[in-house]
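**Student:** I'd like to ask some things about the structure below.
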Amino acid sequence: MRIEDIIQELGITVFTGGTLLQRPVRGAYVSDMLSDVMGRAKESDLWVTMQTHKNIVAVASLKDVTAVLIVNGGKPDEDTLALAESEKIVLLGTHEATFTVCGRLYQLMERDAMV
């Protein structure tokens with residue numbers, strides 16, 4: 001599955017990285033604790049969080065996650081967006097709650113795995 005497939009299926013907003021949406025998504029990791037993400041997220045995961053500050057870009061780059069999905073209608077500030085663009089980090093957003101978007105994401109990825 002690719003980032004663009006998830007965007008299309010779940011109606012997600014693209015904040016940065018619009019030219020990188022064909023990257024593969026192999027799994028997902030959900031956490032708002034940066035140290036937890038640094039210790040447990042895997043390369044090519046979609047990271048789901050409510051955090052919007054610049055440190056998410058650093059962690060996403062360090063772990064080489066495919067994209068960061070910000071929930072609950074959060075929007076990064078201009079400095080974070082600029083940093084994400086320069087680091088080639090895909091930042092996405094949704095107004096949905098973490099529980100809801102993760103359930104939908106799980107169903108989508110399970111369906112994709114069956115094909």
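Here's how to read the names in the structure tokens: chain A, B, ... by the order shown, residue numbers from 1 in each chain, ligand numbers from 1 in the order shown.
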If you run DSSP on this backbone, which residues of region 17-63 of chain A come out as alpha helix (DSSP H), and could you give them as a ChimeraX atom specification?
**Tutor:** /A:34-40,55-63
**Student:** Given the selection you just returned, output its residues as a file containing C-alpha atoms, formatted as a PDB file, in the first residue's frame.
**Tutor:**
ATOM      1  CA  LEU A  34       8.697  10.780  20.893  1.00  0.00           C
ATOM      2  CA  SER A  35      10.972   8.451  22.878  1.00  0.00           C
ATOM      3  CA  ASP A  36       8.506   5.602  22.337  1.00  0.00           C
ATOM      4  CA  VAL A  37       8.472   6.221  18.584  1.00  0.00           C
ATOM      5  CA  MET A  38      12.269   6.402  18.502  1.00  0.00           C
ATOM      6  CA  GLY A  39      12.480   3.053  20.268  1.00  0.00           C
ATOM      7  CA  ARG A  40       9.741   1.112  18.517  1.00  0.00           C
ATOM      8  CA  ASN A  55      10.491  17.469  16.854  1.00  0.00           C
ATOM      9  CA  ILE A  56       8.153  15.130  14.962  1.00  0.00           C
ATOM     10  CA  VAL A  57      10.132  15.896  11.816  1.00  0.00           C
ATOM     11  CA  ALA A  58      13.404  14.962  13.515  1.00  0.00           C
ATOM     12  CA  VAL A  59      11.989  11.679  14.827  1.00  0.00           C
ATOM     13  CA  ALA A  60      10.342  10.848  11.500  1.00  0.00           C
ATOM     14  CA  SER A  61      13.653  11.419   9.740  1.00  0.00           C
ATOM     15  CA  LEU A  62      15.604   9.406  12.320  1.00  0.00           C
ATOM     16  CA  LYS A  63      13.254   6.406  12.056  1.00  0.00           C
TER      17      LYS A  63
END
**Student:** Could you name the residues that touch Phe15 (chain A) at 8 Å or less, counting only C-alpha atoms, but leaving out those on the same chain fewer than 4 positions away, as a PyMOL selection string?
**Tutor:** chain A and resi 81+90-93
**Student:** Return as a PDB file with N, CA and C atoms, in the first residue's frame the full set of residues in chain A whose backbone-based DSSP assignment is strand (DSSP E).
**Tutor:**
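Saved file out11.pdb follows:
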ATOM      1  N   THR A  13      -5.708  15.002   4.615  1.00  0.00           N
ATOM      2  CA  THR A  13      -5.105  16.228   4.102  1.00  0.00           C
ATOM      3  C   THR A  13      -3.591  16.055   4.007  1.00  0.00           C
ATOM      4  N   VAL A  14      -3.014  16.557   2.925  1.00  0.00           N
ATOM      5  CA  VAL A  14      -1.560  16.534   2.755  1.00  0.00           C
ATOM      6  C   VAL A  14      -1.017  17.914   3.107  1.00  0.00           C
ATOM      7  N   PHE A  15      -0.159  17.975   4.134  1.00  0.00           N
ATOM      8  CA  PHE A  15       0.488  19.234   4.522  1.00  0.00           C
ATOM      9  C   PHE A  15       1.801  19.424   3.779  1.00  0.00           C
ATOM     10  N   THR A  16       2.615  18.375   3.709  1.00  0.00           N
ATOM     11  CA  THR A  16       3.923  18.453   3.039  1.00  0.00           C
ATOM     12  C   THR A  16       4.209  17.138   2.327  1.00  0.00           C
ATOM     13  N   GLY A  27       3.411  -0.666   7.546  1.00  0.00           N
ATOM     14  CA  GLY A  27       2.792  -0.855   8.856  1.00  0.00           C
ATOM     15  C   GLY A  27       2.443   0.503   9.428  1.00  0.00           C
ATOM     16  N   ALA A  28       2.108   0.510  10.699  1.00  0.00           N
ATOM     17  CA  ALA A  28       1.779   1.774  11.358  1.00  0.00           C
ATOM     18  C   ALA A  28       2.245   1.706  12.806  1.00  0.00           C
ATOM     19  N   TYR A  29       2.507   2.882  13.357  1.00  0.00           N
ATOM     20  CA  TYR A  29       2.851   2.981  14.765  1.00  0.00           C
ATOM     21  C   TYR A  29       2.115   4.183  15.324  1.00  0.00           C
ATOM     22  N   VAL A  30       1.504   4.008  16.486  1.00  0.00           N
ATOM     23  CA  VAL A  30       0.680   5.040  17.095  1.00  0.00           C
ATOM     24  C   VAL A  30       1.255   5.401  18.453  1.00  0.00           C
ATOM     25  N   ASP A  45       6.898   2.678   8.393  1.00  0.00           N
ATOM     26  CA  ASP A  45       5.640   2.778   9.132  1.00  0.00           C
ATOM     27  C   ASP A  45       4.976   4.116   8.848  1.00  0.00           C
ATOM     28  N   LEU A  46       3.677   4.163   9.003  1.00  0.00           N
ATOM     29  CA  LEU A  46       2.929   5.405   9.059  1.00  0.00           C
ATOM     30  C   LEU A  46       2.793   5.721  10.540  1.00  0.00           C
ATOM     31  N   TRP A  47       3.328   6.857  10.968  1.00  0.00           N
ATOM     32  CA  TRP A  47       3.281   7.240  12.371  1.00  0.00           C
ATOM     33  C   TRP A  47       2.046   8.099  12.607  1.00  0.00           C
ATOM     34  N   VAL A  48       1.197   7.684  13.527  1.00  0.00           N
ATOM     35  CA  VAL A  48      -0.027   8.407  13.877  1.00  0.00           C
ATOM     36  C   VAL A  48       0.191   9.082  15.229  1.00  0.00           C
ATOM     37  N   THR A  49      -0.033  10.397  15.280  1.00  0.00           N
ATOM     38  CA  THR A  49       0.209  11.170  16.499  1.00  0.00           C
ATOM     39  C   THR A  49      -0.665  12.416  16.539  1.00  0.00           C
ATOM     40  N   ALA A  67       5.471   8.382   6.625  1.00  0.00           N
ATOM     41  CA  ALA A  67       4.734   9.637   6.783  1.00  0.00           C
ATOM     42  C   ALA A  67       4.302   9.773   8.232  1.00  0.00           C
ATOM     43  N   VAL A  68       3.929  11.000   8.581  1.00  0.00           N
ATOM     44  CA  VAL A  68       3.370  11.293   9.904  1.00  0.00           C
ATOM     45  C   VAL A  68       1.941  11.757   9.689  1.00  0.00           C
ATOM     46  N   LEU A  69       1.001  11.097  10.356  1.00  0.00           N
ATOM     47  CA  LEU A  69      -0.410  11.460  10.277  1.00  0.00           C
ATOM     48  C   LEU A  69      -0.815  12.115  11.593  1.00  0.00           C
ATOM     49  N   ILE A  70      -1.176  13.383  11.509  1.00  0.00           N
ATOM     50  CA  ILE A  70      -1.571  14.155  12.683  1.00  0.00           C
ATOM     51  C   ILE A  70      -3.093  14.104  12.809  1.00  0.00           C
ATOM     52  N   LEU A  91       3.944  15.030   5.858  1.00  0.00           N
ATOM     53  CA  LEU A  91       3.058  15.315   6.987  1.00  0.00           C
ATOM     54  C   LEU A  91       1.626  15.325   6.472  1.00  0.00           C
ATOM     55  N   LEU A  92       0.788  14.576   7.141  1.00  0.00           N
ATOM     56  CA  LEU A  92      -0.620  14.440   6.773  1.00  0.00           C
ATOM     57  C   LEU A  92      -1.487  14.857   7.951  1.00  0.00           C
ATOM     58  N   GLY A  93      -2.752  15.116   7.701  1.00  0.00           N
ATOM     59  CA  GLY A  93      -3.662  15.486   8.780  1.00  0.00           C
ATOM     60  C   GLY A  93      -5.056  14.949   8.574  1.00  0.00           C
TER      61      GLY A  93
END
**Student:** Counting only C-alpha atoms, which residues of region 25-112 of chain A sit at most 10 Å from some atom of region 7-10 of chain A, and what is each one's closest atom pair with its distance in Å to one decimal, listed by chain and rising residue number, as CSV?
**Tutor:**
residue,atom,partner,partner_atom,distance
A:Leu92,CA,A:Ile7,CA,8.5
A:Gly93,CA,A:Ile7,CA,9.6
A:Thr94,CA,A:Leu10,CA,8.7
A:Glu96,CA,A:Leu10,CA,9.9
A:Val101,CA,A:Leu10,CA,8.0
A:Arg104,CA,A:Leu10,CA,7.5
A:Leu105,CA,A:Leu10,CA,7.8
A:Leu108,CA,A:Glu9,CA,7.9
**Student:** Any chance you can output those residues with C-alpha atoms as a PDB file, in the first residue's frame?
**Tutor:**
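File part_15.pdb, as written:
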ATOM      1  CA  LEU A  92      -0.620  14.440   6.773  1.00  0.00           C
ATOM      2  CA  GLY A  93      -3.662  15.486   8.780  1.00  0.00           C
ATOM      3  CA  THR A  94      -7.144  14.372   9.698  1.00  0.00           C
ATOM      4  CA  GLU A  96     -10.688  12.216  13.084  1.00  0.00           C
ATOM      5  CA  VAL A 101      -8.513   6.738  12.139  1.00  0.00           C
ATOM      6  CA  ARG A 104     -10.096   2.646   9.548  1.00  0.00           C
ATOM      7  CA  LEU A 105      -6.390   2.344   8.759  1.00  0.00           C
ATOM      8  CA  LEU A 108      -7.711  -0.699   4.949  1.00  0.00           C
TER       9      LEU A 108
END
**Student:** Which residue is closest to Leu83 (chain A)? Choose from A:Gln22, A:Lys42, A:Lys54, A:Arg2 and count only C-alpha atoms.
**Tutor:** A:Lys54
**Student:** For each of A:Thr98, A:Gln51, A:Thr66, A:Thr80, take the minimum atom-to-atom distance to Arg26 (chain A), counting only C-alpha atoms, then give the residue where this is smallest.
**Tutor:**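 Between A:Thr98, A:Gln51, A:Thr66, A:Thr80, the residue approaching Arg26 (chain A) most closely is A:Thr66.
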**Student:** Could you state the separation of CA of Asp64 (chain A) and CA of Glu110 (chain A) in Å, given to one decimal place?
**Tutor:**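 Rounded to one decimal, the two atoms are 22.6 Å apart.
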**Student:** Residues at most 9 Å from Ala97 (chain A), counting only C-alpha atoms, excluding those fewer than 6 positions away in the same chain, as a count of residues only?
**Tutor:** 3
**Student:** Find the distance between CA of Gly17 (chain A) and CA of Ala113 (chain A) and write it in Å to one decimal.
**Tutor:**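 Distance reported for this atom pair: 25.2 Å.
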**Student:** What's around Met1 (chain A) at 8 Å? Count only C-alpha atoms, leave out sequence neighbours fewer than 4 positions away in its own chain, and write the answer as a list of chain:residue names.
**Tutor:**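 The residues satisfying every condition are A:Asp5, A:Ile6, A:Pro24, A:Val25, A:Arg26, A:Met109, A:Asp112.
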